[in-house]
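Asks: Below is work38.csv; it holds CSV, C-alpha atoms.
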```csv
chain,number,residue,atom,x,y,z
A,23,MET,CA,-81.6,42.0,209.2
A,24,SER,CA,-80.0,44.8,207.2
A,25,ALA,CA,-78.6,42.7,204.4
A,26,ALA,CA,-80.8,41.0,201.8
A,27,LEU,CA,-81.1,37.2,201.9
A,28,HIS,CA,-79.7,34.7,199.5
A,29,ALA,CA,-82.3,32.0,199.1
A,30,LEU,CA,-82.4,28.4,197.8
A,31,VAL,CA,-85.6,26.7,196.8
A,32,VAL,CA,-85.6,22.9,196.8
A,33,ASP,CA,-88.5,21.0,195.2
A,34,ASP,CA,-88.8,18.0,192.8
A,35,GLU,CA,-91.9,19.5,191.1
A,36,GLN,CA,-90.8,21.9,188.4
A,37,PRO,CA,-94.0,24.0,188.4
A,38,VAL,CA,-93.8,24.6,192.1
A,39,LEU,CA,-90.1,25.3,191.9
A,40,ASP,CA,-90.6,27.9,189.1
A,41,GLU,CA,-93.4,29.6,191.0
A,42,LEU,CA,-91.5,29.9,194.2
A,43,VAL,CA,-88.5,31.3,192.5
A,44,TRP,CA,-90.6,33.8,190.6
A,45,LEU,CA,-92.4,35.0,193.8
A,46,LEU,CA,-89.2,35.3,195.8
A,47,GLU,CA,-87.6,37.4,193.0
A,48,ARG,CA,-90.4,39.9,193.5
A,49,ASP,CA,-89.5,40.3,197.2
A,50,ASP,CA,-86.9,43.1,197.7
A,51,ARG,CA,-85.7,41.4,200.9
A,52,ILE,CA,-84.3,38.6,198.7
A,53,ALA,CA,-80.9,39.3,197.1
A,54,SER,CA,-80.8,36.2,195.0
A,55,VAL,CA,-82.6,32.9,194.4
A,56,ARG,CA,-81.1,29.5,193.5
A,57,ALA,CA,-83.2,26.5,192.6
A,58,SER,CA,-82.5,22.8,193.1
A,59,HIS,CA,-84.7,19.9,191.9
A,60,SER,CA,-83.3,17.3,194.3
A,61,GLY,CA,-81.8,17.0,197.8
A,62,THR,CA,-78.4,15.9,196.4
A,63,ASP,CA,-78.2,19.0,194.2
A,64,ALA,CA,-79.3,21.2,197.1
A,65,LEU,CA,-76.5,19.9,199.3
A,66,ARG,CA,-74.0,20.7,196.6
A,67,VAL,CA,-75.2,24.3,196.4
A,68,LEU,CA,-75.3,24.7,200.2
A,69,GLU,CA,-71.7,23.5,200.5
A,70,GLN,CA,-70.4,25.8,197.7
A,71,ASP,CA,-72.5,29.0,198.2
A,72,ASP,CA,-73.5,31.2,201.1
A,73,ILE,CA,-77.2,30.6,201.5
A,74,ASP,CA,-79.2,32.4,204.2
A,75,LEU,CA,-82.6,30.8,203.7
A,76,VAL,CA,-83.7,27.5,202.3
A,77,PHE,CA,-87.3,26.6,201.2
A,78,LEU,CA,-87.4,22.8,201.5
A,79,ASP,CA,-90.1,20.5,200.0
A,80,VAL,CA,-90.7,17.9,202.8
A,81,ALA,CA,-91.5,14.9,200.5
A,82,MET,CA,-88.9,14.3,197.7
A,83,PRO,CA,-87.4,11.1,196.2
A,84,GLY,CA,-84.0,10.3,197.8
A,85,LEU,CA,-83.1,12.9,200.3
A,86,SER,CA,-86.3,14.4,201.8
A,87,GLY,CA,-86.5,18.0,203.1
A,88,LEU,CA,-86.4,16.6,206.6
A,89,ASP,CA,-83.2,14.7,205.8
A,90,ILE,CA,-81.6,17.8,204.4
A,91,ALA,CA,-82.6,19.8,207.5
A,92,ARG,CA,-80.9,17.2,209.8
A,93,LEU,CA,-77.7,17.5,207.8
A,94,LEU,CA,-77.9,21.3,207.9
A,95,GLY,CA,-78.1,21.1,211.7
A,96,ARG,CA,-74.4,20.0,211.6
A,97,PHE,CA,-73.3,23.1,209.7
A,98,ARG,CA,-71.3,25.6,211.7
A,99,ASP,CA,-73.6,28.4,210.5
A,100,PRO,CA,-76.8,26.8,209.1
A,101,PRO,CA,-79.2,28.7,207.0
A,102,ARG,CA,-82.8,29.3,208.2
A,103,ILE,CA,-85.3,26.8,206.9
A,104,VAL,CA,-88.9,27.1,205.7
A,105,PHE,CA,-90.6,23.8,204.9
A,106,VAL,CA,-93.0,23.6,202.0
A,107,THR,CA,-95.5,20.8,201.6
A,108,ALA,CA,-99.0,19.8,200.6
A,109,HIS,CA,-99.6,18.1,204.0
A,110,GLU,CA,-99.5,19.1,207.7
A,111,ALA,CA,-98.3,15.7,208.9
A,112,HIS,CA,-94.7,16.7,209.5
A,113,ALA,CA,-95.4,20.1,211.1
A,114,VAL,CA,-94.3,19.0,214.6
A,115,GLU,CA,-91.1,17.4,213.4
A,116,ALA,CA,-90.3,20.5,211.2
A,117,PHE,CA,-90.5,22.9,214.1
A,118,GLU,CA,-88.5,20.6,216.3
A,119,MET,CA,-85.7,21.4,213.8
A,120,ASN,CA,-86.1,25.1,214.4
A,121,ALA,CA,-87.8,25.8,211.1
A,122,VAL,CA,-88.9,29.5,210.9
A,123,ASP,CA,-92.1,28.6,209.0
A,124,TYR,CA,-94.1,25.7,207.5
A,125,LEU,CA,-95.8,26.6,204.2
A,126,LEU,CA,-98.7,24.6,202.7
A,127,LYS,CA,-99.2,24.3,199.0
A,128,PRO,CA,-100.6,25.9,196.9
A,129,ILE,CA,-98.4,28.9,197.9
A,130,ARG,CA,-100.0,32.3,198.3
A,131,GLU,CA,-97.7,35.3,197.8
A,132,GLU,CA,-98.8,37.1,200.9
A,133,ARG,CA,-98.1,33.9,203.0
A,134,LEU,CA,-94.7,33.5,201.4
A,135,ARG,CA,-93.8,37.1,202.2
A,136,GLU,CA,-94.7,36.4,205.8
A,137,SER,CA,-92.2,33.5,205.8
A,138,VAL,CA,-89.5,35.8,204.6
A,139,ARG,CA,-90.4,38.3,207.3
A,140,ARG,CA,-90.1,35.5,209.9
A,141,ALA,CA,-86.7,34.5,208.5
A,142,CYS,CA,-85.5,38.1,208.7
A,143,ALA,CA,-86.7,38.4,212.3
A,144,ASP,CA,-85.1,35.1,213.2
A,145,GLY,CA,-81.8,36.3,211.9
A,146,GLU,CA,-82.1,39.6,213.9
A,147,HIS,CA,-82.8,37.7,217.2
A,148,ALA,CA,-80.5,34.7,216.7
A,149,PRO,CA,-78.8,33.7,219.9
A,150,THR,CA,-75.1,34.5,220.1
A,151,THR,CA,-74.2,32.2,223.0
A,152,VAL,CA,-71.5,29.6,222.2
A,153,ASP,CA,-71.9,25.9,222.8
A,154,GLU,CA,-71.1,25.3,226.5
A,155,GLN,CA,-68.4,22.8,227.3
A,156,ILE,CA,-69.2,20.5,230.2
A,157,ALA,CA,-66.3,19.2,232.4
A,158,VAL,CA,-66.7,15.5,233.2
A,159,GLU,CA,-64.5,12.9,235.0
A,160,LEU,CA,-63.5,9.8,233.2
A,161,GLY,CA,-61.0,7.4,234.8
A,162,GLY,CA,-59.4,10.2,236.9
A,163,VAL,CA,-59.1,12.4,233.9
A,164,THR,CA,-61.1,15.5,233.3
A,165,ARG,CA,-62.4,15.9,229.8
A,166,PHE,CA,-64.9,18.2,228.1
A,167,VAL,CA,-68.1,17.4,226.2
A,168,SER,CA,-70.2,19.9,224.2
A,169,ARG,CA,-73.6,20.6,225.6
A,170,SER,CA,-75.1,20.3,222.1
A,171,SER,CA,-74.0,16.6,222.0
A,172,VAL,CA,-76.2,15.8,225.0
A,173,THR,CA,-79.4,14.1,223.9
A,174,HIS,CA,-80.9,13.9,227.4
A,175,ALA,CA,-80.1,14.2,231.1
A,176,GLU,CA,-81.4,11.7,233.7
A,177,ALA,CA,-81.6,12.2,237.4
A,178,GLN,CA,-79.6,9.8,239.6
A,179,GLY,CA,-79.9,10.9,243.2
A,180,ASP,CA,-77.9,14.1,243.7
A,181,TYR,CA,-76.3,13.6,240.4
A,182,VAL,CA,-77.4,13.8,236.7
A,183,ARG,CA,-76.3,11.4,234.1
A,184,LEU,CA,-75.7,13.1,230.7
A,185,HIS,CA,-76.4,10.9,227.7
A,186,LEU,CA,-74.6,11.6,224.5
A,187,GLU,CA,-75.6,10.7,220.9
A,188,ASP,CA,-72.7,8.2,220.6
A,189,CYS,CA,-74.1,6.2,223.6
A,190,ALA,CA,-71.5,7.5,226.0
A,191,SER,CA,-72.7,8.9,229.4
A,192,HIS,CA,-71.2,10.9,232.2
A,193,LEU,CA,-72.2,11.8,235.8
A,194,VAL,CA,-72.2,15.4,236.9
A,195,ARG,CA,-73.0,16.7,240.4
A,196,THR,CA,-75.9,19.0,239.5
A,197,PRO,CA,-79.5,18.5,240.6
A,198,LEU,CA,-81.7,17.9,237.5
A,199,GLY,CA,-84.0,20.9,238.4
A,200,VAL,CA,-81.0,23.3,238.4
A,201,LEU,CA,-79.7,21.9,235.1
A,202,ALA,CA,-83.2,22.2,233.5
A,203,ASP,CA,-83.4,25.9,234.5
A,204,GLN,CA,-79.8,26.7,233.4
A,205,TRP,CA,-80.2,24.9,230.0
A,206,ALA,CA,-83.7,25.9,229.1
A,207,GLU,CA,-82.6,28.7,226.8
A,208,ALA,CA,-80.4,26.1,224.9
A,209,GLY,CA,-83.5,24.0,224.1
A,210,PHE,CA,-83.5,21.5,226.9
A,211,VAL,CA,-87.0,20.7,228.2
A,212,ARG,CA,-88.3,18.8,231.2
A,213,VAL,CA,-90.4,15.9,230.0
A,214,HIS,CA,-90.4,13.8,233.2
A,215,ARG,CA,-89.6,14.3,236.8
A,216,SER,CA,-86.3,12.5,236.2
A,217,ILE,CA,-85.6,13.4,232.5
A,218,VAL,CA,-84.6,16.6,230.6
A,219,VAL,CA,-84.5,16.3,226.8
A,220,ASN,CA,-82.5,18.3,224.2
A,221,LEU,CA,-85.2,19.2,221.6
A,222,ALA,CA,-82.5,19.5,218.9
A,223,HIS,CA,-82.0,15.7,219.2
A,224,VAL,CA,-85.7,14.7,219.3
A,225,ARG,CA,-86.5,12.7,216.1
A,226,GLU,CA,-90.1,11.7,216.9
A,227,ILE,CA,-92.9,12.5,219.3
A,228,ARG,CA,-95.3,9.6,219.7
A,229,ALA,CA,-98.8,9.6,221.3
A,230,GLN,CA,-100.4,6.2,221.8
A,231,ALA,CA,-103.2,5.1,224.2
A,232,GLY,CA,-103.1,8.4,226.0
A,233,ARG,CA,-99.3,8.2,226.6
A,234,CYS,CA,-96.7,10.4,225.0
A,235,SER,CA,-93.0,9.7,224.4
A,236,VAL,CA,-90.0,11.2,222.5
A,237,LEU,CA,-87.3,9.4,220.5
A,238,VAL,CA,-83.7,10.5,220.6
A,239,PRO,CA,-80.6,9.0,218.9
A,240,SER,CA,-78.5,6.4,220.8
A,241,GLY,CA,-75.7,5.2,218.7
A,242,THR,CA,-77.2,3.7,215.5
A,243,SER,CA,-80.7,3.3,217.0
A,244,LEU,CA,-83.4,5.4,218.7
A,245,LEU,CA,-84.1,5.5,222.4
A,246,GLU,CA,-87.7,6.1,223.5
A,247,LEU,CA,-88.2,8.3,226.6
A,248,PRO,CA,-91.5,8.7,228.4
A,249,VAL,CA,-93.2,12.1,228.7
A,250,ALA,CA,-95.2,12.5,231.9
A,251,ARG,CA,-98.8,13.7,231.5
A,252,ARG,CA,-98.0,16.9,233.4
A,253,HIS,CA,-95.3,17.8,231.0
A,254,THR,CA,-97.1,16.8,227.8
A,255,ARG,CA,-99.0,20.0,227.4
A,256,ALA,CA,-95.9,22.2,228.1
A,257,LEU,CA,-94.0,20.2,225.5
A,258,ARG,CA,-96.7,20.7,222.8
A,259,ASP,CA,-97.0,24.4,223.8
A,260,LEU,CA,-93.3,24.9,223.4
A,261,ILE,CA,-93.4,23.4,219.9
A,262,HIS,CA,-96.3,25.6,219.0
A,263,GLU,CA,-94.4,28.7,220.2
A,264,ARG,CA,-91.6,27.8,217.9
A,265,ALA,CA,-94.0,27.7,215.0
A,266,LEU,CA,-95.1,31.3,215.6
```
For the structure just supplied, provide its representation as structure tokens.

Replies:
Amino acid sequence: MSAALHALVVDDEQPVLDELVWLLERDDRIASVRASHSGTDALRVLEQDDIDLVFLDVAMPGLSGLDIARLLGRFRDPPRIVFVTAHEAHAVEAFEMNAVDYLLKPIREERLRESVRRACADGEHAPTTVDEQIAVELGGVTRFVSRSSVTHAEAQGDYVRLHLEDCASHLVRTPLGVLADQWAEAGFVRVHRSIVVNLAHVREIRAQAGRCSVLVPSGTSLLELPVARRHTRALRDLIHERAL
């Protein structure tokens, strides 16, 4: 990235907030640094200012860092995200949200500089493809739905049923294997012989009694989808790759 980054640091602990701001101001790749002590204040800044990179504390009163990241996912041009926390418990969920890095407290300057490097590299290699519009038939009328609104796709014979986050679903005449290959670069992952999931909509990954599942939104609730044993390793490897 040729231009310097405009950063925002969000943390409810003032000493941590002050230290991150001070360290980032020492980095010549950072053009400016804003500071917010709460999720609500951070959203106000993000709506008013052009921010390229956000350092989000995971655990905060009110809106958590994960809550803010989900809201940023709805922005037309969301900033890159680095999560900052004292615990590793939310690492998987963080990278499902396409975070460029996950920093553990206490922050070391050299590790913070690596986060900035990853953010710059992420900006240079950001995909330029537009959100694909899928033609579907509904009552004899052809309408279009955005691929990004598809939470998962389920095989039904020679057809695939596309499930949307608002609970709507549509049949398209495309084999699931073909769809999985074509949509892989858009973040769709095969988790079962009959299911492809959009990682952007995965809210949780559960592992219980040797079985794995993912949860995606379905209206106002979450729908649990099975992950086959043969796909579990690939799913975890993909999440790990996103963390690098």

Asks: Identify which of the residues A:Phe105, A:Tyr181, A:Phe210, A:Trp44 lies closest to Ala91 in chain A, counting all atoms listed in the file when measuring atom-to-atom distances.

Replies: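 Ranking A:Phe105, A:Tyr181, A:Phe210, A:Trp44 by distance to Ala91 in chain A, first place goes to A:Phe105.
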
Asks: Check the smallest atom-to-atom distance from each of A:Glu159, A:Glu41, A:Asp33, A:Asp71 to Pro128 in chain A using all atoms listed in the file, then report the winner.

Replies: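 Nearest candidate to Pro128 in chain A out of A:Glu159, A:Glu41, A:Asp33, A:Asp71: A:Glu41.
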
Asks: Tell me which protein, DNA and RNA residues are within 10 Å of Leu245 in chain A, counting only C-alpha atoms, leaving out same-chain ones fewer than 3 positions away, and put them as a list in words.

Replies: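 Neighbouring residues, sequence-local ones excluded: Thr173, Val224, Arg225, Val236, Leu237, Val238, Pro239, Ser240, Gly241 and Thr242 of chain A.
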
Asks: Kindly compute an axis-aligned box around the listed atoms of range 121-140 of chain A, allowing 4 Å on each side, and express its centre and edge lengths in Å to one decimal as AutoDock Vina command-line options.

Replies:
```
--center_x -94.2 --center_y 31.3 --center_z 204.0 --size_x 20.8 --size_y 22.0 --size_z 22.2
```

Asks: Go through A:Val213, A:Asp40, A:Glu226, A:Asn220 and flag the residue nearest Leu257 in chain A, using all atoms listed in the file for the distances.

Replies: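 Of A:Val213, A:Asp40, A:Glu226, A:Asn220, the one nearest Leu257 in chain A is A:Val213, counting all atoms listed in the file.
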
Asks: Just the number, please: distance in Å from CA of Leu186 in chain A to CA of His174 in chain A, one decimal.

Replies: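 If I compute the distance from CA of Leu186 in chain A to CA of His174 in chain A, I get 7.3 Å.
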
Asks: Might you pull out every residue within 8 Å of Gln155 in chain A, with only C-alpha atoms counted and same-chain residues fewer than 2 positions away left off, and present them as number ranges by chain?

Replies: A: 153, 157, 166-169

Asks: Extract, using all atoms listed in the file, all DNA, RNA and protein residues at most 12 Å from Leu42 in chain A, discarding same-chain residues fewer than 6 positions from it, and format them as a ChimeraX atom specification.

Replies: /A:29-33,35-36,48-49,55-58,76-79,106,125,127-131,133-135

Asks: Could you save those same residues with C-alpha atoms as an mmCIF file, in the coordinates of the input?

Replies:
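Heads up, here's the output in selection_25.cif:
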```cif
data_model
loop_
_atom_site.group_PDB
_atom_site.id
_atom_site.type_symbol
_atom_site.label_atom_id
_atom_site.label_comp_id
_atom_site.auth_asym_id
_atom_site.auth_seq_id
_atom_site.Cartn_x
_atom_site.Cartn_y
_atom_site.Cartn_z
ATOM 1 C CA ALA A 29 -82.300 32.000 199.100
ATOM 2 C CA LEU A 30 -82.400 28.400 197.800
ATOM 3 C CA VAL A 31 -85.600 26.700 196.800
ATOM 4 C CA VAL A 32 -85.600 22.900 196.800
ATOM 5 C CA ASP A 33 -88.500 21.000 195.200
ATOM 6 C CA GLU A 35 -91.900 19.500 191.100
ATOM 7 C CA GLN A 36 -90.800 21.900 188.400
ATOM 8 C CA ARG A 48 -90.400 39.900 193.500
ATOM 9 C CA ASP A 49 -89.500 40.300 197.200
ATOM 10 C CA VAL A 55 -82.600 32.900 194.400
ATOM 11 C CA ARG A 56 -81.100 29.500 193.500
ATOM 12 C CA ALA A 57 -83.200 26.500 192.600
ATOM 13 C CA SER A 58 -82.500 22.800 193.100
ATOM 14 C CA VAL A 76 -83.700 27.500 202.300
ATOM 15 C CA PHE A 77 -87.300 26.600 201.200
ATOM 16 C CA LEU A 78 -87.400 22.800 201.500
ATOM 17 C CA ASP A 79 -90.100 20.500 200.000
ATOM 18 C CA VAL A 106 -93.000 23.600 202.000
ATOM 19 C CA LEU A 125 -95.800 26.600 204.200
ATOM 20 C CA LYS A 127 -99.200 24.300 199.000
ATOM 21 C CA PRO A 128 -100.600 25.900 196.900
ATOM 22 C CA ILE A 129 -98.400 28.900 197.900
ATOM 23 C CA ARG A 130 -100.000 32.300 198.300
ATOM 24 C CA GLU A 131 -97.700 35.300 197.800
ATOM 25 C CA ARG A 133 -98.100 33.900 203.000
ATOM 26 C CA LEU A 134 -94.700 33.500 201.400
ATOM 27 C CA ARG A 135 -93.800 37.100 202.200
#
```

Asks: For Val80 in chain A, which of A:Ala141, A:Val194, A:Ala206, A:Leu126 is the closest residue, counting all atoms listed in the file?

Replies: A:Leu126

Asks: Just the number, please: distance in Å from CA of Ala222 in chain A to CA of Ile52 in chain A, one decimal.

Replies: 27.9 Å

Asks: Separation of CA of Glu132 in chain A and CA of Leu68 in chain A, in Å?

Replies: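 For CA of Glu132 in chain A relative to CA of Leu68 in chain A, the distance reads 26.6 Å.
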
Asks: Residues within 9 Å of Leu27 in chain A, please, as a count of residues only. Count all atoms listed in the file; anything in the same chain fewer than 5 positions from it doesn't count.

Replies: 10

Asks: Between A:Leu193, A:Ser216, A:Asp188, A:Arg96, which is the closest to Leu244 in chain A once you count all atoms listed in the file?

Replies: A:Asp188

Asks: When you look at Leu85 in chain A with a cut-off of 9 Å (counting all atoms listed in the file), what residues show up, excluding the ones that are within fewer than 5 positions of it in the same chain? I need them as a list in words.

Replies: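 Residues meeting the cut-off are Ser60, Gly61, Thr62 and Ile90 of chain A.
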
Asks: Which one is closest to Met82 in chain A: A:Asp99, A:Ser170, A:Ala64, A:Asp34? Count only C-alpha atoms.

Replies: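 Once distances to Met82 in chain A are computed over only C-alpha atoms, the minimum belongs to A:Asp34.
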